[in-house]
$ cat final_5.pdb   # PDB, C-alpha atoms
ATOM      1  CA  MET A   1       0.000   0.000   0.000
ATOM      2  CA  THR A   2       3.038   2.317   0.219
ATOM      3  CA  ASN A   3       2.901   3.139  -3.524
ATOM      4  CA  LEU A   4      -0.683   4.244  -3.057
ATOM      5  CA  PHE A   5       0.305   7.835  -2.161
ATOM      6  CA  GLY A   6       2.318  10.615  -3.744
ATOM      7  CA  ILE A   7       3.176  14.241  -3.108
ATOM      8  CA  ILE A   8       4.091  17.119  -5.365
ATOM      9  CA  VAL A   9       6.116  20.137  -4.319
ATOM     10  CA  SER A  10       6.428  22.854  -6.959
ATOM     11  CA  GLY A  11       9.724  22.659  -8.840
ATOM     12  CA  ARG A  12      10.510  19.129  -7.662
ATOM     13  CA  LEU A  13       9.980  15.609  -8.902
ATOM     14  CA  VAL A  14       6.933  13.685  -7.724
ATOM     15  CA  GLN A  15       7.591  11.756  -4.487
ATOM     16  CA  THR A  16       5.982   8.351  -3.922
ATOM     17  CA  ASN A  17       8.422   7.059  -1.321
ATOM     18  CA  PHE A  18       6.004   6.624   1.584
ATOM     19  CA  GLU A  19       7.201   4.210   4.245
ATOM     20  CA  GLN A  20       4.732   2.156   6.270
ATOM     21  CA  VAL A  21       5.405   3.015   9.927
ATOM     22  CA  GLY A  22       2.319   1.445  11.496
ATOM     23  CA  GLU A  23      -0.500  -0.877  10.562
ATOM     24  CA  THR A  24      -2.429   1.987   8.933
ATOM     25  CA  GLN A  25       0.144   4.798   8.976
ATOM     26  CA  PHE A  26       2.442   5.950   6.186
ATOM     27  CA  LEU A  27       5.197   8.567   6.248
ATOM     28  CA  THR A  28       7.397  10.452   3.806
ATOM     29  CA  VAL A  29      10.018  13.143   4.297
ATOM     30  CA  ILE A  30      10.087  16.410   2.351
ATOM     31  CA  PRO A  31      13.759  17.393   2.256
ATOM     32  CA  GLU A  32      14.819  21.033   2.552
ATOM     33  CA  ALA A  33      11.294  22.228   3.219
ATOM     34  CA  ASP A  34      12.166  25.741   4.411
ATOM     35  CA  ASN A  35      10.894  27.539   1.290
ATOM     36  CA  ILE A  36       7.901  25.333   0.534
ATOM     37  CA  ASN A  37       4.493  26.993   0.753
ATOM     38  CA  HIS A  38       2.138  24.342  -0.636
ATOM     39  CA  VAL A  39       2.114  20.587  -1.074
ATOM     40  CA  VAL A  40      -0.193  18.412  -3.150
ATOM     41  CA  VAL A  41      -1.032  14.982  -1.712
ATOM     42  CA  PHE A  42      -2.682  12.424  -3.980
ATOM     43  CA  LEU A  43      -3.554   8.800  -4.646
ATOM     44  CA  THR A  44      -1.241   7.444  -7.343
ATOM     45  CA  GLY A  45      -3.988   5.374  -8.933
ATOM     46  CA  SER A  46      -2.158   2.084  -8.418
ATOM     47  CA  GLN A  47      -5.058   0.978  -6.224
ATOM     48  CA  PRO A  48      -7.977   2.672  -4.467
ATOM     49  CA  PHE A  49      -8.562   2.824  -0.739
ATOM     50  CA  PRO A  50     -10.467  -0.216   0.546
ATOM     51  CA  VAL A  51     -14.228   0.402   0.665
ATOM     52  CA  GLY A  52     -15.210   2.658   3.563
ATOM     53  CA  LEU A  53     -11.666   3.961   4.181
ATOM     54  CA  GLY A  54      -9.789   7.152   3.359
ATOM     55  CA  GLY A  55      -6.596   8.905   4.398
ATOM     56  CA  SER A  56      -6.164  11.682   6.957
ATOM     57  CA  VAL A  57      -3.180  13.811   5.912
ATOM     58  CA  TYR A  58      -0.872  15.219   8.597
ATOM     59  CA  PHE A  59       2.125  17.590   8.540
ATOM     60  CA  SER A  60       5.061  17.794  10.937
ATOM     61  CA  TRP A  61       7.726  20.510  11.022
ATOM     62  CA  PRO A  62      10.955  19.657  12.866
ATOM     63  CA  ASP A  63      11.644  21.052  16.309
ATOM     64  CA  PRO A  64      14.933  19.813  17.804
ATOM     65  CA  LEU A  65      13.691  20.505  21.344
ATOM     66  CA  ASN A  66      10.435  18.537  21.126
ATOM     67  CA  PRO A  67       9.061  15.322  19.640
ATOM     68  CA  PRO A  68       7.184  15.680  16.315
ATOM     69  CA  THR A  69       3.925  17.600  16.484
ATOM     70  CA  TRP A  70       1.405  16.471  13.873
ATOM     71  CA  GLN A  71      -1.106  18.920  12.426
ATOM     72  CA  LEU A  72      -4.110  17.704  10.463
ATOM     73  CA  LEU A  73      -4.130  19.154   6.942
ATOM     74  CA  GLY A  74      -7.233  17.421   5.616
ATOM     75  CA  ASN A  75      -7.917  14.177   3.781
ATOM     76  CA  ILE A  76      -7.907  12.275   0.526
ATOM     77  CA  THR A  77     -10.442   9.626  -0.445
ATOM     78  CA  ASN A  78     -11.419   7.628  -3.507
ATOM     79  CA  GLU A  79     -13.967  10.361  -4.246
ATOM     80  CA  LYS A  80     -11.393  13.155  -3.661
ATOM     81  CA  PRO A  81      -8.074  11.565  -4.684
ATOM     82  CA  SER A  82      -5.957  14.715  -4.423
ATOM     83  CA  ALA A  83      -5.747  17.888  -2.353
ATOM     84  CA  ILE A  84      -3.504  20.926  -2.148
ATOM     85  CA  PHE A  85      -2.498  22.143   1.294
ATOM     86  CA  LYS A  86      -0.897  25.395   2.396
ATOM     87  CA  ILE A  87       1.918  24.592   4.839
ATOM     88  CA  SER A  88       3.746  27.931   5.024
ATOM     89  CA  GLY A  89       1.623  29.061   7.993
ATOM     90  CA  LEU A  90       2.248  25.805   9.862
ATOM     91  CA  LYS A  91       6.026  26.047   9.956
ATOM     92  CA  LYS A  92       7.516  27.441  13.113
ATOM     93  CA  GLY A  93       9.984  30.348  13.030
ATOM     94  CA  ASP A  94      13.534  29.972  11.841
ATOM     95  CA  LEU A  95      14.917  27.332  14.194
ATOM     96  CA  ALA A  96      18.499  28.368  13.535
ATOM     97  CA  SER A  97      17.848  31.861  14.876
ATOM     98  CA  GLN A  98      15.829  30.489  17.823
ATOM     99  CA  SER A  99      18.783  28.407  18.959
ATOM    100  CA  GLY A 100      21.082  31.378  18.445
ATOM    101  CA  PHE A 101      23.444  29.347  16.259
ATOM    102  CA  THR A 102      24.360  30.019  12.654
ATOM    103  CA  PHE A 103      27.470  28.964  10.801
ATOM    104  CA  GLY A 104      28.544  32.027   8.841
ATOM    105  CA  GLN A 105      25.695  33.100   6.568
ATOM    106  CA  GLN A 106      24.538  29.514   6.103
ATOM    107  CA  LYS A 107      21.154  28.579   7.527
ATOM    108  CA  LEU A 108      20.054  25.146   8.580
ATOM    109  CA  SER A 109      17.773  23.287   6.216
ATOM    110  CA  HIS A 110      14.833  21.405   7.639
ATOM    111  CA  ASN A 111      13.095  18.257   6.543
ATOM    112  CA  ALA A 112       9.335  18.228   7.019
ATOM    113  CA  GLN A 113       7.187  15.108   7.166
ATOM    114  CA  ILE A 114       3.845  14.187   5.637
ATOM    115  CA  GLY A 115       1.950  11.384   7.335
ATOM    116  CA  ILE A 116      -1.157   9.600   6.099
ATOM    117  CA  SER A 117      -3.346   7.612   8.456
ATOM    118  CA  VAL A 118      -5.818   5.227   6.805
ATOM    119  CA  GLU A 119      -9.083   5.506   8.737
ATOM    120  CA  PRO A 120     -12.819   4.885   8.347
ATOM    121  CA  LEU A 121     -14.568   7.582   6.300
ATOM    122  CA  SER A 122     -16.990   8.220   9.162
ATOM    123  CA  GLN A 123     -14.027   9.173  11.378
ATOM    124  CA  ILE A 124     -12.356  11.301   8.677
ATOM    125  CA  GLN A 125     -15.516  13.293   7.964
ATOM    126  CA  GLY A 126     -15.747  14.383  11.596
ATOM    127  CA  GLN A 127     -12.206  15.760  11.748
ATOM    128  CA  VAL A 128     -11.427  19.472  11.598
ATOM    129  CA  ALA A 129      -8.274  20.422   9.700
ATOM    130  CA  ASN A 130      -5.989  23.252  10.730
ATOM    131  CA  PRO A 131      -7.511  26.337   9.026
ATOM    132  CA  SER A 132      -4.018  27.569   8.111
ATOM    133  CA  ALA A 133      -3.595  24.517   5.872
ATOM    134  CA  GLU A 134      -6.377  25.450   3.469
ATOM    135  CA  ALA A 135      -5.068  26.866   0.225
ATOM    136  CA  SER A 136      -6.555  30.331  -0.110
ATOM    137  CA  THR A 137      -9.050  30.366  -2.956
ATOM    138  CA  VAL A 138      -9.113  34.180  -2.955
ATOM    139  CA  ASN A 139      -5.337  34.393  -3.435
ATOM    140  CA  SER A 140      -5.476  31.652  -6.059
ATOM    141  CA  TYR A 141      -8.240  33.507  -7.891
ATOM    142  CA  VAL A 142      -6.338  36.807  -7.785
ATOM    143  CA  GLU A 143      -3.149  35.152  -9.046
ATOM    144  CA  PHE A 144      -5.021  33.341 -11.831
ATOM    145  CA  SER A 145      -6.900  36.481 -12.876
ATOM    146  CA  GLN A 146      -3.744  38.575 -13.014
ATOM    147  CA  ALA A 147      -1.876  35.911 -14.970
ATOM    148  CA  MET A 148      -4.784  35.513 -17.398
ATOM    149  CA  CYS A 149      -5.053  39.272 -17.981
ATOM    150  CA  GLU A 150      -1.287  39.631 -18.475
ATOM    151  CA  ASN A 151      -1.350  36.745 -20.927
ATOM    152  CA  LEU A 152      -4.196  38.331 -22.910
ATOM    153  CA  TYR A 153      -2.456  41.719 -22.958
ATOM    154  CA  ASN A 154       0.889  40.212 -24.006
ATOM    155  CA  PHE A 155      -0.766  38.114 -26.704
ATOM    156  CA  ALA A 156      -2.752  41.022 -28.132
ATOM    157  CA  SER A 157       0.159  43.465 -27.961
ATOM    158  CA  SER A 158       2.363  41.035 -29.902
ATOM    159  CA  PHE A 159       0.167  41.853 -32.927
ATOM    160  CA  ALA A 160       0.370  45.632 -32.426
ATOM    161  CA  GLN A 161       1.203  47.671 -35.516
ATOM    162  CA  SER A 162       1.478  51.352 -36.194
ATOM    163  CA  PRO A 163      -1.126  52.851 -38.589
ATOM    164  CA  ALA A 164       1.541  53.024 -41.313
ATOM    165  CA  GLN A 165       2.192  49.271 -41.017
ATOM    166  CA  MET A 166      -1.462  48.245 -41.213
ATOM    167  CA  ASN A 167      -3.113  46.777 -44.262
ATOM    168  CA  PRO A 168      -6.781  47.382 -43.391
ATOM    169  CA  ASN A 169      -9.117  44.461 -43.867
ATOM    170  CA  PRO A 170     -12.705  45.679 -44.358
ATOM    171  CA  SER A 171     -14.147  42.529 -42.754
ATOM    172  CA  GLU A 172     -12.266  42.997 -39.443
ATOM    173  CA  GLN A 173     -12.648  45.492 -36.610
ATOM    174  CA  TYR A 174      -9.657  46.898 -34.744
ATOM    175  CA  ILE A 175      -9.250  47.901 -31.100
ATOM    176  CA  PRO A 176      -6.532  50.376 -30.107
ATOM    177  CA  LEU A 177      -3.954  48.798 -27.807
ATOM    178  CA  SER A 178      -4.452  51.745 -25.432
ATOM    179  CA  THR A 179      -8.051  50.549 -24.863
ATOM    180  CA  LEU A 180      -6.853  47.077 -23.847
ATOM    181  CA  SER A 181      -4.167  48.632 -21.657
ATOM    182  CA  LYS A 182      -6.743  50.834 -19.887
ATOM    183  CA  TRP A 183      -9.048  47.829 -19.351
ATOM    184  CA  TYR A 184      -6.152  45.836 -17.849
ATOM    185  CA  GLU A 185      -5.248  48.670 -15.449
ATOM    186  CA  ASN A 186      -8.876  49.093 -14.334
ATOM    187  CA  PHE A 187      -9.398  45.353 -13.898
ATOM    188  CA  SER A 188      -6.171  44.988 -11.859
ATOM    189  CA  ARG A 189      -7.094  47.933  -9.635
ATOM    190  CA  ARG A 190     -10.604  46.576  -8.976
ATOM    191  CA  LEU A 191      -9.227  43.096  -8.300
ATOM    192  CA  GLN A 192      -6.810  44.466  -5.696
ATOM    193  CA  GLN A 193      -9.584  46.452  -4.006
ATOM    194  CA  ASN A 194     -12.063  43.574  -3.953
ATOM    195  CA  PRO A 195     -11.180  40.127  -5.380
ATOM    196  CA  ASN A 196     -14.901  39.303  -5.551
ATOM    197  CA  PHE A 197     -16.022  42.426  -7.437
ATOM    198  CA  TRP A 198     -17.038  40.295 -10.434
ATOM    199  CA  ARG A 199     -19.755  38.535  -8.383
ATOM    200  CA  LYS A 200     -22.130  41.538  -8.389
TER     201      LYS A 200
END

$ encode --input "final_5.pdb" --output "structure tokens"
Amino acid sequence: MTNLFGIIVSGRLVQTNFEQVGETQFLTVIPEADNINHVVVFLTGSQPFPVGLGGSVYFSWPDPLNPPTWQLLGNITNEKPSAIFKISGLKKGDLASQSGFTFGQQKLSHNAQIGISVEPLSQIQGQVANPSAEASTVNSYVEFSQAMCENLYNFASSFAQSPAQMNPNPSEQYIPLSTLSKWYENFSRRLQQNPNFWRK
């Protein structure tokens, strides 16, 4: 069952190296996790959970002075085989500066852990995940909207021509690039003021 799970960290290869550490518990290490903000946990598709079971997903950040503390991120099931979790708010402060020790300008690197506990769905559904672990849909929407608008503007402006360069086509209409630029500025400003302005 250890190849049942995988994780994705942006910019890294997929990890499927979960180790079984208990009858229903599986663990993997995320090396050098200091700059990681989100992690995707998923079923690999090699086999589903047994009927009536799912996986509670936990996160642990290292603390050299204490045993591991596990924080519930959420769950994955056959019906929801993947989830993205925000872990940046769950990591404690810079442990190197807390201990007062640094070696030159070098900072310690920390390995985080992801644990999955296979449990009955009835038990999983009653659990409450750490609210800091939920990926912000507002931030994701803002980022997507800005990227989409920039892409549209860049695409359209790549066709920009001066009036002298144009060969008018009577069957087409033309929009000045300044109009698109003004729309982009207005949209960006409104999005920053209220990410949900479009829901009116």

$ closest_residue --input "final_5.pdb" --among "A:Asn167, A:Leu121, A:Ala129, A:Ile76" --to "A:Val51" --atoms "all atoms listed in the file"
A:Leu121

$ resolve_selection --input "final_5.pdb" --expression "the PyMOL selection byres ((chain A and resi 45) around 12)" --output "PyMOL selection string"
chain A and resi 1-6+16+42-44+46-49+77-78+80-82

$ atom_distance --input "final_5.pdb" --atom1 "atom CA of A:Asn196" --atom2 "atom CA of A:Trp183"
17.2 Å

$ closest_residue --input "final_5.pdb" --among "A:Gly115, A:Pro31, A:Gly74, A:Pro176" --to "A:Ala156" --atoms "only C-alpha atoms"
A:Pro176

$ atom_distance --input "final_5.pdb" --atom1 "atom CA of A:Asn130" --atom2 "atom CA of A:Leu13"
26.4 Å

$ atom_distance --input "final_5.pdb" --atom1 "atom CA of A:Gln15" --atom2 "atom CA of A:Pro68"
21.2 Å

$ closest_residue --input "final_5.pdb" --among "A:Lys182, A:Phe187, A:Asn75, A:Ser158" --to "A:Leu53" --atoms "all atoms listed in the file"
A:Asn75

$ resolve_selection --input "final_5.pdb" --expression "the PyMOL selection byres ((chain A and resi 38) around 7)" --output "MDAnalysis selection string"
chainID A and resid 9 36:37 39:40 84:88

$ closest_residue --input "final_5.pdb" --among "A:Asn111, A:Asn151, A:Ser171, A:Gln125" --to "A:Ala33" --atoms "only C-alpha atoms"
A:Asn111

$ resolve_selection --input "final_5.pdb" --expression "the PyMOL selection byres ((chain A and resi 27) around 7)" --output "PyMOL selection string"
chain A and resi 18-21+25-26+28-29+113-116

$ closest_residue --input "final_5.pdb" --among "A:Ser157, A:Gly52, A:Glu119, A:Pro62" --to "A:Glu79" --atoms "all atoms listed in the file"
A:Gly52

$ closest_residue --input "final_5.pdb" --among "A:Ile124, A:Ala83, A:Ile7, A:Leu180" --to "A:Glu150" --atoms "all atoms listed in the file"
A:Leu180

$ residues_around --input "final_5.pdb" --residues "A:Thr69" --least-positions-apart "3" --cutoff "10 Å" --atoms "only C-alpha atoms" --output "list of chain:residue names"
A:Tyr58, A:Phe59, A:Ser60, A:Trp61, A:Pro62, A:Asp63, A:Asn66
